[in-house]
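Reviewing the structure listed below.
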Amino acid sequence: MLLSQCGAGYYYALQRYNTALKQRNALLHDIQKGASATQQLDAWDAQLAAAAAPVVKARQYAAQQLDKLARGHYGYISGRDEEVFSLRYESCLAESINPEEDLLRLLKEGRGEDIRRGTSCTGPHRDDLLLELQGHDMKAFASQGQMRTAVLSLRLAELDLLTERQGEAPVLLLDDVLSELDIGRRTRLLERLSHIQTLLTCTDLSDLGSAKADAILKVRPGEISD
């Protein structure tokens, strides 16, 4: 979604990839039933690999930038040098210099398994992002406050990328993000947001501390007041 917002080129490239993937998977089902020949996969392998290349290259670049930017935001908000946050692009093509050539090879190597399962087991549709703290997977290692800090750091990194690509900063929307942060992280987050146009919801105005709000709207059953 971030890359699609950064430029229409990625969105159309992803559409082309998904279309080729759908056609290849349909052919795999036909081959399973004996309705099509295995050799027909050659053409769809080539199309899928060609469509994957711009998608993978864009993701490689974005993951590198997000890792660098989010790491800085996390370090500032957490206030703890020992909490080193990192983001890693998990893909069979994560380190590939020539994604089209490498995916074509992987598709041919895994053709038997693809036919057995009736689906394409290799490609960007299997990609993921791994979030780590001090080298450990955050899903199994991090506290709620650390997870919330990581999510906010990623959101700020996305905002940085969008600002760079579009030439102006988008409005940042944050819904009840302060409740799971300790006072230190909360204060440093609000300092980080001081130069960003932000719409922030919270359940207690005291959560804002000394932060200056340009406007405060109070929501009660059936009405909004300032």
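Starting from 1 in every chain, residues are counted up; chains themselves are A, B, ... following the order of the structure tokens, and ligands are numbered from 1 as listed.
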
### Close residues, segment 215-220 of chain A itself excluded, 12 Å, only C-alpha atoms, min 6 positions apart in chain, as number ranges by chain
A: 197-205, 208, 226

Neighbouring residues of segment 64-76 of chain A were defined as those with any atom within 12 Å, considering only C-alpha atoms; residues of the same chain fewer than 2 positions away were excluded. Please report them as a count of residues only. 58

Residues of segment 5-131 of chain A classed as strand (DSSP E) by DSSP on the backbone are to be reported as a list in words.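 Selection result, strand (DSSP E) within segment 5-131 of chain A: Phe85, Ser86, Leu87, Arg88, Tyr89, Glu90, Asp128, Leu129, Leu130 and Leu131 of chain A.
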
Counting only C-alpha atoms, closest pick from A:Asp30, A:Ala63, A:Pro54, A:Arg117 relative to Gly9 of chain A is A:Pro54

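Once Arg116 of chain A and its same-chain neighbours fewer than 2 positions away are set aside, A:Leu28, A:His29, A:Ile31, A:Gln32, A:Arg111, A:Gly112, A:Glu113, A:Asp114, A:Gly118, A:Thr119 remain within 10 Å of it when counting only C-alpha atoms.
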
Kindly save the residues from that selection, with C-alpha atoms included, as an mmCIF file, in the first residue's frame.
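Result saved to selection_30.cif:
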data_model
loop_
_atom_site.group_PDB
_atom_site.id
_atom_site.type_symbol
_atom_site.label_atom_id
_atom_site.label_comp_id
_atom_site.auth_asym_id
_atom_site.auth_seq_id
_atom_site.Cartn_x
_atom_site.Cartn_y
_atom_site.Cartn_z
ATOM 1 C CA LEU A 28 -1.626 -25.596 -12.412
ATOM 2 C CA HIS A 29 -5.141 -26.740 -11.495
ATOM 3 C CA ILE A 31 -2.485 -29.734 -15.161
ATOM 4 C CA GLN A 32 -3.511 -31.502 -11.943
ATOM 5 C CA ARG A 111 7.479 -26.872 -10.729
ATOM 6 C CA GLY A 112 6.805 -30.369 -9.414
ATOM 7 C CA GLU A 113 5.751 -29.075 -5.983
ATOM 8 C CA ASP A 114 3.616 -26.350 -7.572
ATOM 9 C CA GLY A 118 -1.994 -26.634 -7.394
ATOM 10 C CA THR A 119 -0.568 -23.221 -6.554
#

Report task. Calculate how many Å separate atom CA of Asp207 of chain A from atom CA of Pro221 of chain A, rounding to one decimal. Result ->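 That distance, rounded to one decimal, is 21.2 Å.
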
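Closest approach to Ile77 of chain A from the set A:Asp102, A:Glu223, A:Asp214, A:Asp182 is made by A:Asp182, with distances taken over only C-alpha atoms.
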
Within chain A, find each residue whose DSSP state, derived from the backbone, is alpha helix (DSSP H), and express the selection as a compact mmCIF listing (two decimals) with N, CA, C and O atoms, in the first residue's frame.
# COMPACT_ATOMS: atom_id res chain seq x y z
N LEU A 2 1.94 1.25 0.77
CA LEU A 2 2.83 2.41 0.81
C LEU A 2 3.41 2.69 -0.57
O LEU A 2 3.42 3.83 -1.04
N LEU A 3 3.92 1.66 -1.22
CA LEU A 3 4.54 1.84 -2.53
C LEU A 3 3.52 2.28 -3.58
O LEU A 3 3.85 3.04 -4.49
N SER A 4 2.31 1.79 -3.47
CA SER A 4 1.26 2.21 -4.40
C SER A 4 0.93 3.69 -4.20
O SER A 4 0.62 4.41 -5.16
N GLN A 5 1.00 4.16 -2.95
CA GLN A 5 0.78 5.57 -2.67
C GLN A 5 1.94 6.42 -3.16
O GLN A 5 1.75 7.58 -3.55
N CYS A 6 3.13 5.85 -3.15
CA CYS A 6 4.31 6.59 -3.60
C CYS A 6 4.30 6.82 -5.12
O CYS A 6 4.83 7.81 -5.60
N ALA A 8 2.10 5.46 -9.03
CA ALA A 8 1.18 4.56 -9.73
C ALA A 8 1.91 3.42 -10.43
O ALA A 8 1.34 2.36 -10.66
N GLY A 9 3.18 3.63 -10.75
CA GLY A 9 3.95 2.60 -11.46
C GLY A 9 3.99 1.29 -10.70
O GLY A 9 3.83 0.21 -11.29
N TYR A 10 4.19 1.37 -9.38
CA TYR A 10 4.23 0.15 -8.58
C TYR A 10 2.87 -0.52 -8.55
O TYR A 10 2.76 -1.74 -8.65
N TYR A 11 1.82 0.27 -8.42
CA TYR A 11 0.46 -0.28 -8.36
C TYR A 11 0.15 -1.08 -9.62
O TYR A 11 -0.36 -2.20 -9.54
N TYR A 12 0.49 -0.53 -10.78
CA TYR A 12 0.22 -1.23 -12.04
C TYR A 12 1.12 -2.45 -12.20
O TYR A 12 0.70 -3.47 -12.75
N ALA A 13 2.36 -2.35 -11.71
CA ALA A 13 3.26 -3.50 -11.77
C ALA A 13 2.72 -4.64 -10.91
O ALA A 13 2.76 -5.81 -11.31
N LEU A 14 2.19 -4.31 -9.75
CA LEU A 14 1.63 -5.33 -8.87
C LEU A 14 0.38 -5.95 -9.48
O LEU A 14 0.15 -7.16 -9.36
N GLN A 15 -0.42 -5.15 -10.16
CA GLN A 15 -1.60 -5.67 -10.85
C GLN A 15 -1.19 -6.67 -11.93
O GLN A 15 -1.82 -7.74 -12.08
N ARG A 16 -0.16 -6.32 -12.70
CA ARG A 16 0.31 -7.23 -13.76
C ARG A 16 0.80 -8.54 -13.15
O ARG A 16 0.54 -9.62 -13.70
N TYR A 17 1.52 -8.43 -12.03
CA TYR A 17 2.01 -9.64 -11.38
C TYR A 17 0.85 -10.51 -10.90
O TYR A 17 0.84 -11.73 -11.11
N ASN A 18 -0.13 -9.91 -10.24
CA ASN A 18 -1.25 -10.67 -9.71
C ASN A 18 -2.08 -11.33 -10.81
O ASN A 18 -2.61 -12.43 -10.64
N THR A 19 -2.19 -10.65 -11.95
CA THR A 19 -2.91 -11.23 -13.09
C THR A 19 -2.17 -12.46 -13.62
O THR A 19 -2.79 -13.51 -13.88
N ALA A 20 -0.85 -12.33 -13.78
CA ALA A 20 -0.05 -13.47 -14.25
C ALA A 20 -0.09 -14.62 -13.25
O ALA A 20 -0.16 -15.80 -13.63
N LEU A 21 -0.06 -14.29 -11.95
CA LEU A 21 -0.11 -15.31 -10.91
C LEU A 21 -1.44 -16.07 -10.96
O LEU A 21 -1.46 -17.31 -10.85
N LYS A 22 -2.52 -15.36 -11.13
CA LYS A 22 -3.85 -15.98 -11.20
C LYS A 22 -3.93 -16.94 -12.39
O LYS A 22 -4.44 -18.06 -12.26
N GLN A 23 -3.39 -16.52 -13.53
CA GLN A 23 -3.42 -17.36 -14.71
C GLN A 23 -2.54 -18.60 -14.54
O GLN A 23 -2.91 -19.71 -14.94
N ARG A 24 -1.37 -18.42 -13.92
CA ARG A 24 -0.48 -19.56 -13.71
C ARG A 24 -1.11 -20.56 -12.74
O ARG A 24 -1.03 -21.78 -12.95
N ASN A 25 -1.74 -20.07 -11.68
CA ASN A 25 -2.39 -20.97 -10.72
C ASN A 25 -3.56 -21.73 -11.36
O ASN A 25 -3.78 -22.91 -11.06
N ALA A 26 -4.29 -21.05 -12.25
CA ALA A 26 -5.39 -21.73 -12.95
C ALA A 26 -4.84 -22.85 -13.83
O ALA A 26 -5.43 -23.94 -13.92
N LEU A 27 -3.71 -22.58 -14.48
CA LEU A 27 -3.09 -23.60 -15.32
C LEU A 27 -2.60 -24.78 -14.48
O LEU A 27 -2.74 -25.94 -14.89
N LEU A 28 -2.07 -24.51 -13.29
CA LEU A 28 -1.63 -25.60 -12.41
C LEU A 28 -2.79 -26.51 -12.03
O LEU A 28 -2.63 -27.73 -11.97
N HIS A 29 -3.95 -25.93 -11.79
CA HIS A 29 -5.14 -26.74 -11.49
C HIS A 29 -5.52 -27.60 -12.69
O HIS A 29 -5.88 -28.78 -12.53
N ASP A 30 -5.43 -27.03 -13.89
CA ASP A 30 -5.76 -27.79 -15.10
C ASP A 30 -4.78 -28.94 -15.30
O ASP A 30 -5.17 -30.04 -15.72
N ILE A 31 -3.50 -28.68 -15.02
CA ILE A 31 -2.49 -29.73 -15.16
C ILE A 31 -2.76 -30.85 -14.16
O ILE A 31 -2.62 -32.04 -14.49
N GLN A 32 -3.16 -30.50 -12.95
CA GLN A 32 -3.51 -31.50 -11.94
C GLN A 32 -4.61 -32.43 -12.45
O GLN A 32 -4.59 -33.64 -12.21
N LEU A 41 3.44 -24.28 -18.88
CA LEU A 41 3.93 -23.44 -17.80
C LEU A 41 5.10 -22.56 -18.22
O LEU A 41 5.35 -21.52 -17.60
N ASP A 42 5.83 -22.96 -19.23
CA ASP A 42 7.00 -22.18 -19.66
C ASP A 42 6.62 -20.73 -19.95
O ASP A 42 7.30 -19.80 -19.51
N ALA A 43 5.53 -20.54 -20.67
CA ALA A 43 5.12 -19.18 -21.05
C ALA A 43 4.70 -18.38 -19.82
O ALA A 43 5.06 -17.19 -19.68
N TRP A 44 3.96 -19.01 -18.90
CA TRP A 44 3.49 -18.28 -17.73
C TRP A 44 4.60 -18.05 -16.72
O TRP A 44 4.59 -17.04 -16.00
N ASP A 45 5.56 -18.98 -16.67
CA ASP A 45 6.74 -18.75 -15.82
C ASP A 45 7.46 -17.49 -16.28
O ASP A 45 7.87 -16.66 -15.45
N ALA A 46 7.63 -17.35 -17.58
CA ALA A 46 8.33 -16.18 -18.12
C ALA A 46 7.56 -14.90 -17.83
O ALA A 46 8.15 -13.88 -17.44
N GLN A 47 6.24 -14.94 -17.99
CA GLN A 47 5.43 -13.74 -17.73
C GLN A 47 5.44 -13.38 -16.25
O GLN A 47 5.52 -12.20 -15.88
N LEU A 48 5.34 -14.39 -15.40
CA LEU A 48 5.33 -14.13 -13.95
C LEU A 48 6.66 -13.55 -13.49
O LEU A 48 6.69 -12.60 -12.70
N ALA A 49 7.75 -14.10 -13.98
CA ALA A 49 9.07 -13.62 -13.60
C ALA A 49 9.31 -12.19 -14.07
O ALA A 49 9.86 -11.36 -13.33
N ALA A 50 8.88 -11.89 -15.30
CA ALA A 50 9.05 -10.53 -15.83
C ALA A 50 8.22 -9.53 -15.03
O ALA A 50 8.67 -8.41 -14.73
N ALA A 51 6.99 -9.93 -14.65
CA ALA A 51 6.12 -9.03 -13.89
C ALA A 51 6.62 -8.84 -12.46
O ALA A 51 6.39 -7.79 -11.85
N ALA A 52 7.32 -9.83 -11.94
CA ALA A 52 7.79 -9.76 -10.55
C ALA A 52 8.96 -8.80 -10.38
O ALA A 52 9.13 -8.20 -9.31
N ALA A 53 9.77 -8.64 -11.41
CA ALA A 53 11.02 -7.87 -11.28
C ALA A 53 10.82 -6.46 -10.73
O ALA A 53 11.47 -6.08 -9.74
N PRO A 54 9.93 -5.62 -11.33
CA PRO A 54 9.78 -4.26 -10.77
C PRO A 54 9.18 -4.25 -9.37
O PRO A 54 9.47 -3.35 -8.58
N VAL A 55 8.34 -5.23 -9.06
CA VAL A 55 7.75 -5.32 -7.73
C VAL A 55 8.83 -5.59 -6.69
O VAL A 55 8.91 -4.92 -5.65
N VAL A 56 9.70 -6.55 -6.97
CA VAL A 56 10.76 -6.92 -6.04
C VAL A 56 11.76 -5.78 -5.86
O VAL A 56 12.17 -5.46 -4.74
N LYS A 57 12.15 -5.15 -6.95
CA LYS A 57 13.13 -4.06 -6.86
C LYS A 57 12.59 -2.91 -6.02
O LYS A 57 13.32 -2.32 -5.22
N ALA A 58 11.31 -2.59 -6.19
CA ALA A 58 10.70 -1.52 -5.40
C ALA A 58 10.66 -1.90 -3.92
O ALA A 58 10.90 -1.08 -3.03
N ARG A 59 10.36 -3.15 -3.63
CA ARG A 59 10.28 -3.61 -2.25
C ARG A 59 11.66 -3.65 -1.60
O ARG A 59 11.81 -3.33 -0.42
N GLN A 60 12.67 -4.06 -2.36
CA GLN A 60 14.03 -4.06 -1.83
C GLN A 60 14.44 -2.66 -1.38
O GLN A 60 14.95 -2.46 -0.28
N TYR A 61 14.20 -1.69 -2.25
CA TYR A 61 14.57 -0.30 -1.93
C TYR A 61 13.76 0.22 -0.75
O TYR A 61 14.31 0.82 0.18
N ALA A 62 12.45 -0.02 -0.76
CA ALA A 62 11.59 0.49 0.30
C ALA A 62 11.96 -0.11 1.65
O ALA A 62 11.97 0.58 2.67
N ALA A 63 12.25 -1.41 1.67
CA ALA A 63 12.61 -2.07 2.93
C ALA A 63 13.90 -1.49 3.50
O ALA A 63 14.02 -1.29 4.72
N GLN A 64 14.87 -1.22 2.64
CA GLN A 64 16.13 -0.63 3.10
C GLN A 64 15.90 0.75 3.69
O GLN A 64 16.44 1.09 4.75
N GLN A 65 15.08 1.56 3.01
CA GLN A 65 14.80 2.91 3.49
C GLN A 65 13.99 2.88 4.79
O GLN A 65 14.27 3.64 5.72
N LEU A 66 12.98 2.04 4.84
CA LEU A 66 12.15 1.94 6.05
C LEU A 66 12.98 1.47 7.24
O LEU A 66 12.78 1.96 8.36
N ASP A 67 13.87 0.53 7.01
CA ASP A 67 14.73 0.03 8.09
C ASP A 67 15.56 1.18 8.67
O ASP A 67 15.61 1.37 9.89
N LYS A 68 16.18 1.96 7.80
CA LYS A 68 17.04 3.06 8.25
C LYS A 68 16.22 4.14 8.96
O LYS A 68 16.59 4.59 10.06
N LEU A 69 15.10 4.55 8.37
CA LEU A 69 14.30 5.63 8.94
C LEU A 69 13.61 5.21 10.24
O LEU A 69 13.61 5.94 11.23
N ALA A 70 13.00 4.01 10.23
CA ALA A 70 12.29 3.54 11.42
C ALA A 70 13.24 3.28 12.58
O ALA A 70 12.89 3.50 13.74
N ARG A 71 14.45 2.83 12.26
CA ARG A 71 15.45 2.59 13.31
C ARG A 71 15.75 3.90 14.06
O ARG A 71 15.85 3.92 15.29
N GLY A 72 15.86 4.98 13.30
CA GLY A 72 16.11 6.28 13.93
C GLY A 72 14.94 6.75 14.77
O GLY A 72 15.12 7.24 15.89
N HIS A 73 13.73 6.60 14.24
CA HIS A 73 12.54 7.01 15.00
C HIS A 73 12.40 6.17 16.27
O HIS A 73 12.08 6.70 17.34
N TYR A 74 12.63 4.87 16.15
CA TYR A 74 12.49 3.99 17.31
C TYR A 74 13.49 4.38 18.40
O TYR A 74 13.14 4.46 19.59
N GLY A 75 14.74 4.62 18.01
CA GLY A 75 15.76 4.99 18.98
C GLY A 75 15.40 6.26 19.73
O GLY A 75 15.62 6.36 20.95
N TYR A 76 14.82 7.22 19.01
CA TYR A 76 14.45 8.49 19.65
C TYR A 76 13.27 8.30 20.60
O TYR A 76 13.30 8.77 21.74
N ILE A 77 12.23 7.63 20.13
CA ILE A 77 11.02 7.48 20.94
C ILE A 77 11.27 6.61 22.18
O ILE A 77 10.79 6.90 23.27
N SER A 78 12.02 5.53 22.01
CA SER A 78 12.28 4.63 23.14
C SER A 78 13.21 5.26 24.16
O SER A 78 13.09 5.01 25.37
N PRO A 99 16.04 -10.16 -10.29
CA PRO A 99 14.85 -10.90 -9.83
C PRO A 99 14.17 -11.71 -10.92
O PRO A 99 13.68 -12.82 -10.65
N GLU A 100 14.11 -11.20 -12.14
CA GLU A 100 13.44 -11.92 -13.21
C GLU A 100 14.14 -13.25 -13.49
O GLU A 100 13.50 -14.31 -13.54
N GLU A 101 15.44 -13.20 -13.64
CA GLU A 101 16.22 -14.41 -13.93
C GLU A 101 16.16 -15.39 -12.77
O GLU A 101 15.98 -16.60 -12.97
N ASP A 102 16.29 -14.88 -11.55
CA ASP A 102 16.31 -15.76 -10.38
C ASP A 102 14.94 -16.41 -10.13
O ASP A 102 14.86 -17.59 -9.77
N LEU A 103 13.86 -15.64 -10.31
CA LEU A 103 12.53 -16.22 -10.10
C LEU A 103 12.22 -17.26 -11.16
O LEU A 103 11.62 -18.30 -10.86
N LEU A 104 12.62 -17.01 -12.39
CA LEU A 104 12.40 -17.99 -13.46
C LEU A 104 13.07 -19.31 -13.11
O LEU A 104 12.49 -20.39 -13.29
N ARG A 105 14.28 -19.25 -12.58
CA ARG A 105 15.00 -20.46 -12.18
C ARG A 105 14.27 -21.16 -11.03
O ARG A 105 14.10 -22.39 -11.04
N LEU A 106 13.84 -20.39 -10.03
CA LEU A 106 13.16 -20.97 -8.88
C LEU A 106 11.82 -21.61 -9.26
O LEU A 106 11.43 -22.65 -8.72
N LEU A 107 11.11 -20.98 -10.20
CA LEU A 107 9.84 -21.55 -10.65
C LEU A 107 10.05 -22.89 -11.34
O LEU A 107 9.26 -23.83 -11.15
N LYS A 108 11.09 -23.00 -12.14
CA LYS A 108 11.37 -24.26 -12.83
C LYS A 108 11.80 -25.33 -11.84
O LYS A 108 11.42 -26.50 -11.95
N GLU A 109 12.61 -24.92 -10.85
CA GLU A 109 13.06 -25.89 -9.84
C GLU A 109 11.89 -26.40 -8.99
O GLU A 109 11.89 -27.56 -8.59
N ARG A 111 8.66 -26.58 -9.92
CA ARG A 111 7.48 -26.87 -10.73
C ARG A 111 6.73 -28.11 -10.23
O ARG A 111 5.50 -28.11 -10.18
N GLY A 112 7.46 -29.14 -9.87
CA GLY A 112 6.80 -30.37 -9.41
C GLY A 112 5.95 -30.13 -8.17
O GLY A 112 4.82 -30.62 -8.08
N GLU A 113 6.49 -29.37 -7.21
CA GLU A 113 5.75 -29.07 -5.98
C GLU A 113 4.55 -28.18 -6.28
O GLU A 113 3.48 -28.34 -5.69
N ASP A 114 4.73 -27.23 -7.20
CA ASP A 114 3.62 -26.35 -7.57
C ASP A 114 2.46 -27.15 -8.16
O ASP A 114 1.29 -26.91 -7.84
N ILE A 115 2.79 -28.09 -9.01
CA ILE A 115 1.75 -28.93 -9.63
C ILE A 115 1.06 -29.78 -8.58
O ILE A 115 -0.16 -29.94 -8.57
N ARG A 116 1.84 -30.32 -7.66
CA ARG A 116 1.28 -31.17 -6.60
C ARG A 116 0.29 -30.38 -5.73
O ARG A 116 -0.77 -30.87 -5.37
N ARG A 117 0.66 -29.14 -5.41
CA ARG A 117 -0.18 -28.31 -4.54
C ARG A 117 -1.25 -27.54 -5.31
O ARG A 117 -2.21 -27.05 -4.72
N MET A 138 10.22 -9.74 17.01
CA MET A 138 9.40 -8.99 17.96
C MET A 138 8.11 -9.70 18.32
O MET A 138 7.56 -9.48 19.41
N LYS A 139 7.59 -10.54 17.44
CA LYS A 139 6.33 -11.23 17.74
C LYS A 139 6.45 -12.11 18.97
O LYS A 139 5.47 -12.32 19.69
N ALA A 140 7.65 -12.63 19.22
CA ALA A 140 7.83 -13.53 20.36
C ALA A 140 8.60 -12.89 21.50
O ALA A 140 8.65 -13.44 22.61
N PHE A 141 9.16 -11.69 21.26
CA PHE A 141 10.11 -11.14 22.21
C PHE A 141 9.68 -9.82 22.83
O PHE A 141 9.98 -9.53 23.97
N GLN A 144 4.21 -5.02 24.84
CA GLN A 144 3.20 -4.23 24.13
C GLN A 144 3.71 -2.83 23.83
O GLN A 144 3.48 -2.29 22.75
N GLY A 145 4.42 -2.23 24.79
CA GLY A 145 4.97 -0.89 24.58
C GLY A 145 6.00 -0.87 23.47
O GLY A 145 6.05 0.07 22.66
N GLN A 146 6.84 -1.90 23.42
CA GLN A 146 7.85 -1.98 22.36
C GLN A 146 7.21 -2.21 21.01
O GLN A 146 7.63 -1.62 20.00
N MET A 147 6.16 -3.05 20.97
CA MET A 147 5.46 -3.28 19.71
C MET A 147 4.80 -2.00 19.23
O MET A 147 4.86 -1.66 18.04
N ARG A 148 4.17 -1.27 20.13
CA ARG A 148 3.52 -0.02 19.76
C ARG A 148 4.56 0.99 19.27
O ARG A 148 4.33 1.72 18.31
N THR A 149 5.72 1.03 19.92
CA THR A 149 6.79 1.93 19.49
C THR A 149 7.27 1.58 18.10
O THR A 149 7.51 2.46 17.27
N ALA A 150 7.39 0.29 17.81
CA ALA A 150 7.83 -0.15 16.49
C ALA A 150 6.82 0.24 15.42
O ALA A 150 7.19 0.72 14.34
N VAL A 151 5.53 0.04 15.71
CA VAL A 151 4.48 0.39 14.75
C VAL A 151 4.49 1.89 14.46
O VAL A 151 4.40 2.32 13.31
N LEU A 152 4.61 2.69 15.50
CA LEU A 152 4.65 4.13 15.33
C LEU A 152 5.89 4.57 14.56
O LEU A 152 5.85 5.47 13.72
N SER A 153 7.02 3.93 14.83
CA SER A 153 8.26 4.24 14.13
C SER A 153 8.14 3.94 12.64
O SER A 153 8.61 4.71 11.79
N LEU A 154 7.49 2.82 12.33
CA LEU A 154 7.26 2.48 10.93
C LEU A 154 6.33 3.47 10.25
O LEU A 154 6.52 3.86 9.10
N ARG A 155 5.29 3.90 10.99
CA ARG A 155 4.35 4.88 10.42
C ARG A 155 5.07 6.20 10.12
O ARG A 155 4.84 6.81 9.07
N LEU A 156 5.94 6.62 11.01
CA LEU A 156 6.70 7.85 10.79
C LEU A 156 7.68 7.68 9.62
O LEU A 156 7.90 8.62 8.85
N ALA A 157 8.26 6.49 9.50
CA ALA A 157 9.17 6.23 8.38
C ALA A 157 8.40 6.26 7.05
O ALA A 157 8.91 6.77 6.04
N GLU A 158 7.19 5.71 7.05
CA GLU A 158 6.35 5.77 5.85
C GLU A 158 6.05 7.22 5.48
O GLU A 158 6.08 7.60 4.30
N LEU A 159 5.75 8.03 6.50
CA LEU A 159 5.47 9.44 6.25
C LEU A 159 6.68 10.13 5.64
O LEU A 159 6.55 10.96 4.73
N ASP A 160 7.88 9.78 6.12
CA ASP A 160 9.11 10.35 5.55
C ASP A 160 9.25 10.01 4.07
O ASP A 160 9.60 10.88 3.25
N LEU A 161 8.99 8.74 3.73
CA LEU A 161 9.10 8.32 2.33
C LEU A 161 8.07 9.01 1.45
O LEU A 161 8.38 9.46 0.34
N LEU A 162 6.84 9.10 1.92
CA LEU A 162 5.79 9.76 1.15
C LEU A 162 6.10 11.24 0.95
O LEU A 162 5.87 11.79 -0.13
N THR A 163 6.63 11.87 1.98
CA THR A 163 6.99 13.28 1.87
C THR A 163 8.09 13.48 0.83
O THR A 163 8.04 14.41 0.02
N GLU A 164 9.07 12.57 0.84
CA GLU A 164 10.17 12.66 -0.13
C GLU A 164 9.66 12.47 -1.56
O GLU A 164 10.05 13.20 -2.48
N ARG A 165 8.76 11.50 -1.75
CA ARG A 165 8.27 11.20 -3.09
C ARG A 165 7.30 12.26 -3.61
O ARG A 165 7.30 12.59 -4.79
N GLN A 166 6.45 12.79 -2.73
CA GLN A 166 5.37 13.67 -3.17
C GLN A 166 5.68 15.15 -2.99
O GLN A 166 4.95 16.01 -3.49
N ILE A 183 5.38 7.11 30.13
CA ILE A 183 5.40 8.56 30.04
C ILE A 183 6.58 9.07 29.20
O ILE A 183 6.45 10.05 28.47
N GLY A 184 7.71 8.40 29.31
CA GLY A 184 8.88 8.83 28.55
C GLY A 184 8.67 8.67 27.06
O GLY A 184 8.92 9.60 26.27
N ARG A 185 8.20 7.50 26.62
CA ARG A 185 7.96 7.26 25.20
C ARG A 185 6.86 8.17 24.68
O ARG A 185 6.91 8.67 23.56
N ARG A 186 5.85 8.38 25.53
CA ARG A 186 4.73 9.24 25.13
C ARG A 186 5.22 10.67 24.87
O ARG A 186 4.88 11.28 23.86
N THR A 187 6.05 11.17 25.78
CA THR A 187 6.56 12.53 25.64
C THR A 187 7.43 12.68 24.41
O THR A 187 7.30 13.65 23.64
N ARG A 188 8.31 11.70 24.18
CA ARG A 188 9.21 11.79 23.03
C ARG A 188 8.46 11.62 21.71
O ARG A 188 8.81 12.22 20.69
N LEU A 189 7.40 10.80 21.70
CA LEU A 189 6.58 10.67 20.50
C LEU A 189 5.93 12.01 20.17
O LEU A 189 5.94 12.46 19.01
N LEU A 190 5.34 12.66 21.18
CA LEU A 190 4.68 13.94 20.94
C LEU A 190 5.67 14.99 20.47
O LEU A 190 5.34 15.85 19.64
N GLU A 191 6.91 14.93 20.96
CA GLU A 191 7.94 15.84 20.47
C GLU A 191 8.23 15.56 19.00
O GLU A 191 8.42 16.48 18.20
N ARG A 192 8.23 14.28 18.64
CA ARG A 192 8.50 13.89 17.25
C ARG A 192 7.40 14.38 16.32
O ARG A 192 7.64 14.63 15.14

Requested in this report: Could you tell me how far atom CA of Thr38 of chain A lies from atom CA of Gly123 of chain A, in Å and to one decimal?
Outcome: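 Between atom CA of Thr38 of chain A and atom CA of Gly123 of chain A the gap works out to 19.0 Å.
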